[in-house]
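Source file coords.pdb; content: PDB, C-alpha atoms.
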ATOM      1  CA  MET G 943     -35.308   2.540  32.505  1.00  0.00           C
ATOM      2  CA  CYS G 944     -32.458   5.032  32.370  1.00  0.00           C
ATOM      3  CA  GLN G 945     -32.974   8.438  33.947  1.00  0.00           C
ATOM      4  CA  ALA G 946     -30.888  11.441  32.984  1.00  0.00           C
ATOM      5  CA  ALA G 947     -28.735  12.920  35.725  1.00  0.00           C
ATOM      6  CA  ARG G 948     -29.673  16.384  36.917  1.00  0.00           C
ATOM      7  CA  ILE G 949     -27.148  19.009  35.928  1.00  0.00           C
ATOM      8  CA  ALA G 950     -26.732  21.942  38.299  1.00  0.00           C
ATOM      9  CA  GLY G 951     -24.624  23.982  35.898  1.00  0.00           C
ATOM     10  CA  ALA G 952     -22.383  23.777  32.870  1.00  0.00           C
ATOM     11  CA  VAL G 953     -19.819  25.721  30.862  1.00  0.00           C
ATOM     12  CA  ARG G 954     -19.796  25.918  27.089  1.00  0.00           C
ATOM     13  CA  PHE G 955     -16.783  26.994  25.037  1.00  0.00           C
ATOM     14  CA  THR G 956     -17.471  28.060  21.455  1.00  0.00           C
ATOM     15  CA  ASN G 957     -15.117  27.694  18.494  1.00  0.00           C
ATOM     16  CA  GLN G 958     -13.184  24.785  19.989  1.00  0.00           C
ATOM     17  CA  ALA G 959     -11.137  22.520  17.747  1.00  0.00           C
ATOM     18  CA  GLN G 960     -11.975  18.840  17.538  1.00  0.00           C
ATOM     19  CA  PHE G 961      -9.124  16.358  17.523  1.00  0.00           C
ATOM     20  CA  HIS G 962      -9.673  12.941  15.957  1.00  0.00           C
ATOM     21  CA  VAL G 963      -6.906  10.826  17.497  1.00  0.00           C
ATOM     22  CA  ARG G 964      -7.153   7.860  15.133  1.00  0.00           C
ATOM     23  CA  LYS G 965      -7.039  10.006  11.976  1.00  0.00           C
ATOM     24  CA  TYR G 966      -4.062  11.924  13.353  1.00  0.00           C
ATOM     25  CA  LEU G 967      -2.165   8.775  14.276  1.00  0.00           C
ATOM     26  CA  LEU G 968      -2.870   7.078  10.943  1.00  0.00           C
ATOM     27  CA  HIS G 969      -1.464  10.101   9.122  1.00  0.00           C
ATOM     28  CA  LEU G 970       1.504  10.234  11.482  1.00  0.00           C
ATOM     29  CA  ALA G 971       2.220   6.529  10.931  1.00  0.00           C
ATOM     30  CA  ASN G 972       2.135   7.019   7.156  1.00  0.00           C
ATOM     31  CA  THR G 973       4.583   9.936   7.288  1.00  0.00           C
ATOM     32  CA  ILE G 974       7.190   8.250   9.491  1.00  0.00           C
ATOM     33  CA  PRO G 975       9.918   7.018   7.168  1.00  0.00           C
ATOM     34  CA  GLY G 976      11.123   3.419   7.384  1.00  0.00           C
ATOM     35  CA  ASP G 977      14.904   3.087   7.516  1.00  0.00           C
ATOM     36  CA  GLY G 978      15.076   2.401  11.253  1.00  0.00           C
ATOM     37  CA  SER G 979      11.936   4.274  12.326  1.00  0.00           C
ATOM     38  CA  TYR G 980       9.407   2.154  14.186  1.00  0.00           C
ATOM     39  CA  ILE G 981       5.994   2.428  15.790  1.00  0.00           C
ATOM     40  CA  PHE G 982       5.335   0.138  18.752  1.00  0.00           C
ATOM     41  CA  GLU G 983       1.777  -0.589  19.834  1.00  0.00           C
ATOM     42  CA  ASP G 984       0.500  -2.319  22.969  1.00  0.00           C
ATOM     43  CA  SER G 985       3.818  -1.630  24.681  1.00  0.00           C
ATOM     44  CA  ARG G 986       3.972  -0.936  28.381  1.00  0.00           C
ATOM     45  CA  VAL G 987       6.781   1.555  28.888  1.00  0.00           C
ATOM     46  CA  GLN G 988       8.415   1.342  32.303  1.00  0.00           C
ATOM     47  CA  SER G 989      10.959   4.147  31.878  1.00  0.00           C
ATOM     48  CA  VAL G 990      12.476   6.630  29.444  1.00  0.00           C
ATOM     49  CA  GLU G 991      15.969   8.000  29.991  1.00  0.00           C
ATOM     50  CA  GLU G 992      17.148  11.090  28.141  1.00  0.00           C
ATOM     51  CA  GLY G 993      20.597  10.966  26.627  1.00  0.00           C
ATOM     52  CA  THR G 994      22.521  10.154  23.491  1.00  0.00           C
ATOM     53  CA  PRO G 995      20.998   7.748  22.696  1.00  0.00           C
ATOM     54  CA  CYS G 996      17.688   7.806  24.574  1.00  0.00           C
ATOM     55  CA  THR G 997      16.903   4.562  26.378  1.00  0.00           C
ATOM     56  CA  VAL G 998      13.375   3.183  26.616  1.00  0.00           C
ATOM     57  CA  SER G 999      12.490   0.202  28.784  1.00  0.00           C
ATOM     58  CA  ALA G1000       9.301  -1.484  27.569  1.00  0.00           C
ATOM     59  CA  ASN G1001       7.895  -5.005  27.851  1.00  0.00           C
ATOM     60  CA  ASN G1002      11.133  -6.267  29.431  1.00  0.00           C
ATOM     61  CA  THR G1003      13.111  -4.948  26.452  1.00  0.00           C
ATOM     62  CA  ILE G1004      15.617  -2.102  26.281  1.00  0.00           C
ATOM     63  CA  LEU G1005      15.410   0.116  23.189  1.00  0.00           C
ATOM     64  CA  GLN G1006      17.837   2.866  22.214  1.00  0.00           C
ATOM     65  CA  ALA G1007      16.981   5.692  19.861  1.00  0.00           C
ATOM     66  CA  THR G1008      18.185   9.081  18.722  1.00  0.00           C
ATOM     67  CA  GLU G1009      14.674  10.482  19.162  1.00  0.00           C
ATOM     68  CA  VAL G1010      11.634   9.176  21.035  1.00  0.00           C
ATOM     69  CA  LEU G1011       8.042  10.352  20.644  1.00  0.00           C
ATOM     70  CA  LEU G1012       6.087   9.230  23.680  1.00  0.00           C
ATOM     71  CA  THR G1013       2.326   9.132  23.068  1.00  0.00           C
ATOM     72  CA  THR G1014       0.218   7.792  25.904  1.00  0.00           C
ATOM     73  CA  HIS G1015      -3.314   8.045  27.213  1.00  0.00           C
ATOM     74  CA  LEU G1016      -1.947   8.875  30.656  1.00  0.00           C
ATOM     75  CA  PRO G1017       1.416  10.451  31.461  1.00  0.00           C
ATOM     76  CA  ILE G1018       4.027   7.917  32.577  1.00  0.00           C
ATOM     77  CA  MET G1019       6.864  10.260  33.465  1.00  0.00           C
ATOM     78  CA  ASP G1020       6.615  11.802  36.931  1.00  0.00           C
ATOM     79  CA  GLN G1021       7.453  15.356  35.902  1.00  0.00           C
ATOM     80  CA  GLY G1022       5.473  18.153  37.527  1.00  0.00           C
ATOM     81  CA  LEU G1023       2.951  15.726  39.032  1.00  0.00           C
ATOM     82  CA  PHE G1024       1.052  15.659  35.720  1.00  0.00           C
ATOM     83  CA  PHE G1025       0.025  12.065  36.416  1.00  0.00           C
ATOM     84  CA  GLU G1026      -1.690  13.122  39.620  1.00  0.00           C
ATOM     85  CA  LYS G1027      -3.417  16.069  37.923  1.00  0.00           C
ATOM     86  CA  THR G1028      -4.838  14.096  35.007  1.00  0.00           C
ATOM     87  CA  THR G1029      -5.949  10.801  36.510  1.00  0.00           C
ATOM     88  CA  PHE G1030      -9.090  10.115  38.431  1.00  0.00           C
ATOM     89  CA  THR G1031     -11.326   7.202  39.249  1.00  0.00           C
ATOM     90  CA  MET G1032     -14.551   6.956  37.297  1.00  0.00           C
ATOM     91  CA  LEU G1033     -17.385   4.562  37.950  1.00  0.00           C
ATOM     92  CA  SER G1034     -20.137   3.773  35.480  1.00  0.00           C
ATOM     93  CA  TYR G1035     -23.225   1.762  36.215  1.00  0.00           C
ATOM     94  CA  TYR G1036     -25.539   0.268  33.610  1.00  0.00           C
ATOM     95  CA  SER G1037     -28.763  -1.520  34.312  1.00  0.00           C
TER      96      SER G1037
END

Go ahead and express the file in the form of structure tokens.
Amino acid sequence: MCQAARIAGAVRFTNQAQFHVRKYLLHLANTIPGDGSYIFEDSRVQSVEEGTPCTVSANNTILQATEVLLTTHLPIMDQGLFFEKTTFTMLSYYS
């Protein structure tokens, strides 16, 4: 039997926008023109170097591009310690 956890307190924010990631990305993918524009999925990016062109190292491949849109679940670039601020360990137990 599952028991609900006791909640000591909570905060509620009204009038917050909801963001549906899949719908957004599907629309984005449909609006990106072909002609040299690509979307890469399941790609582990090791590094991104700014410049002309930008250089992306992913899956043991080097890509060069005029513009790069980096969309990740967790930040990969160590700028401002954002990775440290947004990651945490989470454990879930089911019985």

Query - Separation of atom CA of Gln988 of chain G from atom CA of Leu967 of chain G, in Å and rounded to one decimal - result: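 Going from atom CA of Gln988 of chain G over to atom CA of Leu967 of chain G, I get 22.2 Å.
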
Requested in this report: For atom CA of His969 of chain G and atom CA of Ile1004 of chain G, quote the distance in Å rounded to one decimal.
Outcome: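 Computed distance, atom CA of His969 of chain G to atom CA of Ile1004 of chain G, equals 27.1 Å.
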
**Report entry** Residues in the PyMOL selection byres ((chain G and resi 999-1001) around 10), expressed as a ChimeraX atom specification
**Finding:** /G:982,984-991,997-998,1002-1006

Query raised in the report: In Å to one decimal, how far is atom CA of Ile981 of chain G from atom CA of Thr994 of chain G?
Result: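 For atom CA of Thr994 of chain G relative to atom CA of Ile981 of chain G, the distance reads 19.8 Å.
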
Report, as JSON, the centre and edge lengths in Å (one decimal) of the axis-aligned box enclosing every listed atom of segment 951-966 of chain G, padded by 5 Å on each side.
{"center_x": -14.3, "center_y": 18.0, "center_z": 23.9, "size_x": 30.6, "size_y": 30.2, "size_z": 33.9}

Query raised in the report: Hey, what comes out of the PyMOL selection byres ((chain G and resi 1007) around 6) on this file? Could you write it as a list in words?
Result: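 After applying the PyMOL selection byres ((chain G and resi 1007) around 6), what remains is Pro995, Cys996, Gln1006, Thr1008 and Glu1009 of chain G.
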